[in-house]
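Trainee: Compact mmCIF, C-alpha atoms, file my_file14.txt:
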# COMPACT_ATOMS: atom_id res chain seq x y z
CA MET V 455 -13.09 -57.44 -39.97
CA ARG V 456 -14.55 -55.81 -36.86
CA GLU V 457 -12.03 -57.59 -34.64
CA LEU V 458 -9.13 -56.30 -36.75
CA LEU V 459 -10.38 -52.72 -36.40
CA PHE V 460 -10.96 -52.80 -32.65
CA GLU V 461 -7.97 -54.94 -31.62
CA PRO V 462 -5.50 -51.95 -31.55
CA LEU V 463 -7.96 -49.97 -29.44
CA GLU V 464 -8.41 -52.77 -26.90
CA ASN V 465 -4.72 -53.54 -26.49
CA THR V 466 -4.01 -52.71 -22.84
CA GLY V 467 -0.26 -53.25 -22.97
CA GLU V 468 -0.19 -54.24 -19.27
CA LEU V 469 3.23 -54.04 -17.60
CA ALA V 470 4.71 -56.14 -14.84
CA PRO V 471 4.67 -54.54 -11.37
CA GLN V 472 8.47 -54.44 -11.21
CA VAL V 473 8.60 -52.49 -14.49
CA ILE V 474 6.09 -49.96 -13.18
CA ILE V 475 8.05 -49.56 -9.94
CA LEU V 476 11.28 -49.10 -11.88
CA ARG V 477 9.84 -46.38 -14.09
CA MET V 478 8.29 -44.55 -11.15
CA ALA V 479 11.53 -44.81 -9.15
CA VAL V 480 13.62 -43.38 -11.98
CA SER V 481 11.16 -40.50 -12.40
CA VAL V 482 11.42 -39.71 -8.68
CA VAL V 483 15.24 -39.66 -8.85
CA ILE V 484 15.30 -37.32 -11.86
CA ALA V 485 12.53 -35.21 -10.30
CA PHE V 486 14.81 -34.67 -7.30
CA PHE V 487 17.47 -33.22 -9.61
CA ILE V 488 14.82 -30.92 -11.10
CA PHE V 489 13.96 -29.88 -7.54
CA LEU V 490 17.63 -29.23 -6.78
CA SER V 491 18.18 -27.29 -10.00
CA TYR V 492 15.19 -25.02 -9.34
CA MET V 493 16.40 -24.33 -5.80
CA LEU V 494 19.91 -23.44 -7.00
CA SER V 495 18.82 -21.21 -9.88
CA HIS V 496 16.27 -19.20 -7.89
CA GLU V 497 16.76 -17.06 -4.84
CA GLY V 498 14.96 -14.46 -2.79
CA SER V 499 11.20 -13.95 -2.86
CA ILE V 500 11.01 -15.31 -6.42
CA TYR V 501 11.76 -18.83 -5.12
CA SER V 502 8.59 -20.79 -4.37
CA LYS V 503 8.88 -23.97 -2.31
CA LYS V 504 5.35 -24.99 -3.25
CA PHE V 505 6.06 -24.63 -6.96
CA ASN V 506 9.28 -26.63 -6.57
CA VAL V 507 7.44 -29.49 -4.87
CA SER V 508 4.78 -29.29 -7.57
CA LEU V 509 7.48 -29.89 -10.21
CA MET V 510 8.41 -33.19 -8.55
CA ALA V 511 4.75 -34.19 -8.31
CA LEU V 512 4.16 -33.24 -11.96
CA THR V 513 7.05 -35.48 -13.05
CA THR V 514 5.73 -38.54 -11.22
CA ILE V 515 2.13 -37.89 -12.26
CA THR V 516 3.11 -37.60 -15.92
CA THR V 517 5.05 -40.85 -15.60
CA ALA V 518 2.00 -42.57 -14.12
CA VAL V 519 -0.21 -41.25 -16.93
CA MET V 520 2.20 -42.52 -19.56
CA ILE V 521 2.31 -45.93 -17.91
CA VAL V 522 -1.49 -46.09 -17.85
CA ILE V 523 -2.09 -45.13 -21.47
CA GLY V 524 0.86 -47.24 -22.67
CA ASN V 525 -0.10 -48.95 -25.91
CA ASN V 526 -3.83 -48.46 -25.38
CA LEU V 527 -4.87 -46.18 -28.22
CA ALA V 528 -8.44 -45.74 -27.01
CA LEU V 529 -7.31 -44.72 -23.53
CA SER V 530 -4.70 -42.32 -24.89
CA LEU V 531 -7.30 -40.59 -27.06
CA GLY V 532 -9.66 -40.34 -24.11
CA MET V 533 -6.87 -38.90 -21.95
CA VAL V 534 -6.10 -36.25 -24.56
CA GLY V 535 -9.76 -35.30 -24.69
CA ALA V 536 -9.99 -35.07 -20.90
CA LEU V 537 -6.84 -32.96 -20.57
CA SER V 538 -7.94 -30.61 -23.35
CA ILE V 539 -10.67 -29.17 -21.10
CA VAL V 540 -8.21 -28.32 -18.31
CA ARG V 541 -7.34 -24.64 -18.00
CA PHE V 542 -4.38 -23.49 -15.94
CA ARG V 543 -4.76 -20.10 -14.23
CA THR V 544 -1.52 -19.99 -12.23
CA ALA V 545 0.50 -16.88 -13.04
CA ILE V 546 4.09 -17.55 -14.07
CA LYS V 547 6.36 -15.22 -12.06
CA ASP V 548 9.53 -16.07 -13.95
CA SER V 549 10.00 -17.15 -17.56
CA ARG V 550 12.31 -19.91 -16.32
CA ASP V 551 9.35 -21.51 -14.53
CA THR V 552 7.82 -22.40 -17.90
CA ILE V 553 11.02 -24.24 -18.85
CA TYR V 554 10.91 -26.20 -15.61
CA LEU V 555 7.31 -27.20 -16.28
CA PHE V 556 8.24 -28.52 -19.72
CA TRP V 557 11.29 -30.26 -18.23
CA ALA V 558 9.16 -32.07 -15.65
CA ILE V 559 6.59 -33.13 -18.28
CA VAL V 560 9.24 -34.38 -20.73
CA VAL V 561 10.98 -36.40 -18.01
CA GLY V 562 7.64 -37.90 -17.03
CA ILE V 563 6.89 -38.87 -20.62
CA CYS V 564 10.33 -40.43 -21.13
CA CYS V 565 10.23 -42.38 -17.86
CA GLY V 566 6.66 -43.51 -18.48
CA ALA V 567 7.71 -44.81 -21.90
CA GLY V 568 10.77 -46.52 -20.42
CA ASP V 569 13.29 -44.36 -22.29
CA PHE V 570 15.59 -43.73 -19.33
CA LEU V 571 18.61 -42.80 -21.45
CA VAL V 572 16.88 -39.80 -23.03
CA ALA V 573 15.43 -38.75 -19.68
CA GLY V 574 18.79 -39.01 -17.93
CA LEU V 575 20.99 -37.39 -20.57
CA GLY V 576 18.46 -34.66 -21.35
CA SER V 577 18.10 -33.82 -17.66
CA ALA V 578 21.87 -33.83 -17.17
CA PHE V 579 22.42 -31.28 -19.93
CA THR V 580 19.48 -29.13 -18.78
CA PHE V 581 20.75 -29.25 -15.19
CA LEU V 582 24.18 -28.13 -16.38
CA VAL V 583 22.72 -25.22 -18.37
CA PHE V 584 20.72 -23.95 -15.39
CA LEU V 585 23.67 -24.48 -13.06
CA LEU V 586 25.89 -22.27 -15.23
CA LEU V 587 23.38 -19.69 -16.43
CA GLY V 588 20.41 -19.97 -14.09
CA ARG V 589 21.36 -17.00 -11.89
CA ILE V 590 21.67 -14.54 -14.77
CA LYS V 591 19.27 -11.64 -14.22
CA ASN V 592 18.20 -8.56 -16.05
CA ASP V 593 20.00 -5.37 -15.11
CA ASP V 594 18.24 -3.78 -12.14
CA ARG V 595 16.19 -0.73 -13.09
CA LEU V 596 15.57 2.43 -11.10
CA LEU V 597 12.64 4.80 -11.39
CA LEU V 598 13.47 8.45 -10.70
CA ILE V 599 10.24 10.17 -9.62
CA ILE V 600 10.21 13.96 -9.39
CA ARG V 601 7.28 16.17 -8.48
CA THR V 602 7.79 19.91 -8.71
CA ALA V 603 6.11 23.17 -9.71
CA ARG V 604 5.21 23.72 -13.35
CA VAL V 605 7.70 26.58 -13.57
CA ASN V 606 10.51 24.02 -13.20
CA GLU V 607 9.31 21.74 -16.02
CA GLU V 608 11.91 22.67 -18.61
CA ARG V 609 14.70 23.03 -16.06
CA VAL V 610 14.12 19.51 -14.71
CA GLU V 611 14.22 18.04 -18.24
CA ALA V 612 17.44 19.92 -18.99
CA LEU V 613 19.00 18.81 -15.69
CA ILE V 614 18.20 15.14 -16.26
CA PHE V 615 19.62 15.33 -19.77
CA GLN V 616 22.76 17.01 -18.40
CA TYR V 617 23.36 14.21 -15.89
CA TYR V 618 22.21 11.12 -17.81
CA SER V 619 22.10 12.26 -21.44
CA ARG V 620 19.97 9.78 -23.42
CA LYS V 621 20.28 7.03 -20.80
CA ALA V 622 17.24 8.33 -18.92
CA ASN V 623 13.97 7.19 -20.50
CA LEU V 624 10.95 9.34 -19.71
CA ARG V 625 8.13 6.89 -18.95
CA VAL V 626 5.47 9.12 -17.41
CA LYS V 627 4.84 12.85 -17.29
CA ASN V 628 1.82 13.91 -15.26
CA THR V 629 0.81 17.55 -15.13
CA THR V 630 -1.70 19.61 -13.23
CA GLU V 631 -2.39 23.33 -13.33
CA THR V 632 0.36 24.02 -10.80
CA ALA V 633 2.56 20.90 -10.65
CA VAL V 634 4.31 18.38 -12.86
CA GLU V 635 5.52 14.85 -12.08
CA PHE V 636 8.24 13.03 -14.03
CA ILE V 637 9.01 9.31 -13.93
CA TYR V 638 12.32 8.40 -15.56
CA GLU V 639 13.62 4.85 -15.99
CA LEU V 640 17.36 4.32 -15.52
CA SER V 641 19.60 1.29 -15.26
CA ARG V 642 21.37 0.75 -11.95
CA ARG V 643 24.67 0.70 -13.81
CA THR V 644 24.06 4.19 -15.25
CA VAL V 645 23.09 5.66 -11.88
CA ASP V 646 26.16 4.19 -10.17
CA ARG V 647 28.49 5.36 -12.95
CA VAL V 648 27.19 8.93 -12.94
CA GLY V 649 27.28 9.01 -9.14
CA LYS V 650 30.95 8.00 -9.09
CA GLU V 651 31.83 10.52 -11.78
CA LYS V 652 30.16 13.39 -9.92
CA LYS V 653 31.74 12.33 -6.64
CA ALA V 654 35.21 12.27 -8.20
CA ALA V 655 34.77 15.66 -9.88
CA GLN V 656 35.33 18.69 -7.64
CA GLY V 657 32.30 20.91 -7.09
CA GLN V 658 29.86 18.52 -8.77
CA LYS V 659 26.57 17.89 -6.95
CA ARG V 660 24.57 14.69 -6.70
CA ILE V 661 21.45 14.56 -8.85
CA THR V 662 19.14 14.85 -5.83
CA ASP V 663 20.95 17.93 -4.53
CA ALA V 664 20.83 19.55 -7.97
CA ILE V 665 17.09 18.89 -8.25
CA TYR V 666 16.24 20.33 -4.85
CA GLU V 667 18.28 23.45 -5.60
CA LEU V 668 15.76 24.27 -8.32
CA GLY V 669 13.26 25.13 -5.60
CA ASN V 670 9.56 24.29 -5.29
CA VAL V 671 10.35 20.55 -5.44
CA GLU V 672 7.81 18.47 -3.52
CA TYR V 673 9.76 15.19 -3.63
CA CYS V 674 12.46 13.30 -5.51
CA ASN V 675 12.47 9.50 -5.12
CA PHE V 676 14.47 6.57 -6.47
CA VAL V 677 12.47 3.34 -6.68
CA MET V 678 14.16 0.00 -7.39
CA GLN V 679 12.73 -2.40 -9.95
CA ASN V 680 14.09 -5.92 -10.40
CA ASP V 681 13.04 -9.53 -11.04
CA GLU V 682 11.96 -10.11 -7.46
CA ILE V 683 8.20 -10.60 -7.45
CA SER V 684 6.50 -11.40 -4.18
CA SER V 685 3.92 -14.13 -4.22
Would you put the structure from the file into structure tokens?
Mentor:
Amino acid sequence: MRELLFEPLENTGELAPQVIILRMAVSVVIAFFIFLSYMLSHEGSIYSKKFNVSLMALTTITTAVMIVIGNNLALSLGMVGALSIVRFRTAIKDSRDTIYLFWAIVVGICCGAGDFLVAGLGSAFTFLVFLLLGRIKNDDRLLLIIRTARVNEERVEALIFQYYSRKANLRVKNTTETAVEFIYELSRRTVDRVGKEKKAAQGQKRITDAIYELGNVEYCNFVMQNDEISS
């Protein structure tokens, strides 16, 4: 009775060396396509060479882990227990990075289990999705920062409404006894559209010129916000 209970736990499920090499080789090939997809779908300072190399390493490591645990139930339970104490502290700069992590892990699991068809077809479709849609970004945002005297508070609000209507979102309004600072959030598309309209209309001033004509304006700045996050 004891032998029947412990036999599934002691089953090592050893594989031939050529099978192990084949599974590892396939995982390396698919990991290269993950590497290529990440490089094509990211650009600028958001692209991390180290993270991209880590994706390839994660794929092969996951494959090796799957080969090791194989059909050994005891080893698989021990591996789950060991991995459950691991805590990852790396900040994800782009939501797409999480998808790439899952992609690398899934490919490693499939290759380690010998299911090359699922790994290949799944990676092909994922590669195609990122190739077509991977460069889509959020609309760039601009922060309009104005610091002026308190006497201009209502006039600044009226001027911003006149130029941008409800497209300008007031994010911060700091006040002191003598000064007030506004921080408005605008889309790049809105700023460009209004700028072209004012330029085409005769006698219409740019927003910065109109603000400075109010007088007692300390500064008026446009600050760009986008998905580029420096490491």
Trainee: Out of V:Thr580, V:Asn606, V:Asn670, V:Thr644, which residue has the shortest atom-to-atom distance to Asn623 in chain V when counting only C-alpha atoms?
Mentor: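 When distances to Asn623 in chain V are compared using only C-alpha atoms, the smallest one comes from V:Thr644.
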Trainee: Kindly give the distance, in Å, that separates CA of Leu494 in chain V and CA of Asn506 in chain V, rounded to a single decimal.
Mentor: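 These atoms are spaced 11.1 Å apart.
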Trainee: Between CA of Cys674 in chain V and CA of Arg601 in chain V, what is the distance, to one decimal in Å?
Mentor: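 Here the two named atoms are 6.6 Å from each other.
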Trainee: Residues near Ala664 in chain V, anyone? I mean within 10 Å using all atoms listed in the file, not counting same-chain ones fewer than 6 positions away, as number ranges by chain.
Mentor: V: 610, 613-614, 617, 658
Trainee: Can you find the residues with an atom no farther than 6 Å from (6.1, -33.6, -14.3), counting only C-alpha atoms, and report them as a VMD selection string?
Mentor: chain V and resid 509 512 to 514 516 558 to 559 562
Trainee: Name the residues in contact with Tyr666 in chain V at a cut-off of 12 Å, using only C-alpha atoms, excluding same-chain residues fewer than 3 positions from it; report them as a PyMOL selection string.
Mentor: chain V and resi 600-603+606+609-610+613+659-663+669-675
Trainee: Nearest to Ala518 in chain V: which of V:Leu624, V:Leu587, V:Leu582, V:Cys564 is it, counting only C-alpha atoms?
Mentor: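 That would be V:Cys564, the residue with the smallest distance to Ala518 in chain V.
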Trainee: Give me the box for range 611-614 of chain V as JSON, namely the centre and edge lengths in Å to one decimal of a box along x, y and z that holds every listed atom plus 8 Å on each side.
Mentor:
{"center_x": 16.6, "center_y": 17.5, "center_z": -17.3, "size_x": 20.8, "size_y": 20.8, "size_z": 19.3}
Trainee: Taking all atoms listed in the file into account, which of V:Ser481, V:Ser641, V:Ser491, V:Ser577 comes nearest Ile515 in chain V?
Mentor: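 Smallest separation from Ile515 in chain V among the options: V:Ser481.
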Trainee: What is the CA of Ile475 in chain V to CA of Ala567 in chain V distance in Å?
Mentor: 12.9 Å
Trainee: Taking all atoms listed in the file into account, name the residue in V:Leu596, V:Ile665, V:Leu555, V:Ile484 that is nearest to Met678 in chain V.
Mentor: V:Leu596
Trainee: Check the smallest atom-to-atom distance from each of V:Met478, V:Val648, V:Phe636, V:Ile599 to Val561 in chain V using all atoms listed in the file, then report the winner.
Mentor: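 Smallest distance to Val561 in chain V is found for V:Met478.
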Trainee: For the point (24.1, -28.3, -15.6) in file coordinates, what residues are within 12 Å, counting only C-alpha atoms? Give the answer as a PyMOL selection string?
Mentor: chain V and resi 487-488+490-492+494-495+575-588
Trainee: Let me see the file: selected residues, C-alpha atoms, as a JSON list (two decimals), keeping the file's coordinate frame.
Mentor:
[["chain", "number", "residue", "atom", "x", "y", "z"],
["V", 487, "PHE", "CA", 17.47, -33.22, -9.61],
["V", 488, "ILE", "CA", 14.82, -30.92, -11.10],
["V", 490, "LEU", "CA", 17.63, -29.23, -6.78],
["V", 491, "SER", "CA", 18.18, -27.29, -10.00],
["V", 492, "TYR", "CA", 15.19, -25.02, -9.34],
["V", 494, "LEU", "CA", 19.91, -23.44, -7.00],
["V", 495, "SER", "CA", 18.82, -21.21, -9.88],
["V", 575, "LEU", "CA", 20.99, -37.39, -20.57],
["V", 576, "GLY", "CA", 18.46, -34.66, -21.35],
["V", 577, "SER", "CA", 18.10, -33.82, -17.66],
["V", 578, "ALA", "CA", 21.87, -33.83, -17.17],
["V", 579, "PHE", "CA", 22.42, -31.28, -19.93],
["V", 580, "THR", "CA", 19.48, -29.13, -18.78],
["V", 581, "PHE", "CA", 20.75, -29.25, -15.19],
["V", 582, "LEU", "CA", 24.18, -28.13, -16.38],
["V", 583, "VAL", "CA", 22.72, -25.22, -18.37],
["V", 584, "PHE", "CA", 20.72, -23.95, -15.39],
["V", 585, "LEU", "CA", 23.67, -24.48, -13.06],
["V", 586, "LEU", "CA", 25.89, -22.27, -15.23],
["V", 587, "LEU", "CA", 23.38, -19.69, -16.43],
["V", 588, "GLY", "CA", 20.41, -19.97, -14.09]]
Trainee: Could you check the closest approach to Leu598 in chain V for each of V:Arg625, V:His496, V:Arg620, V:Lys504 and tell me which residue wins, using all atoms listed in the file?
Mentor: V:Arg625
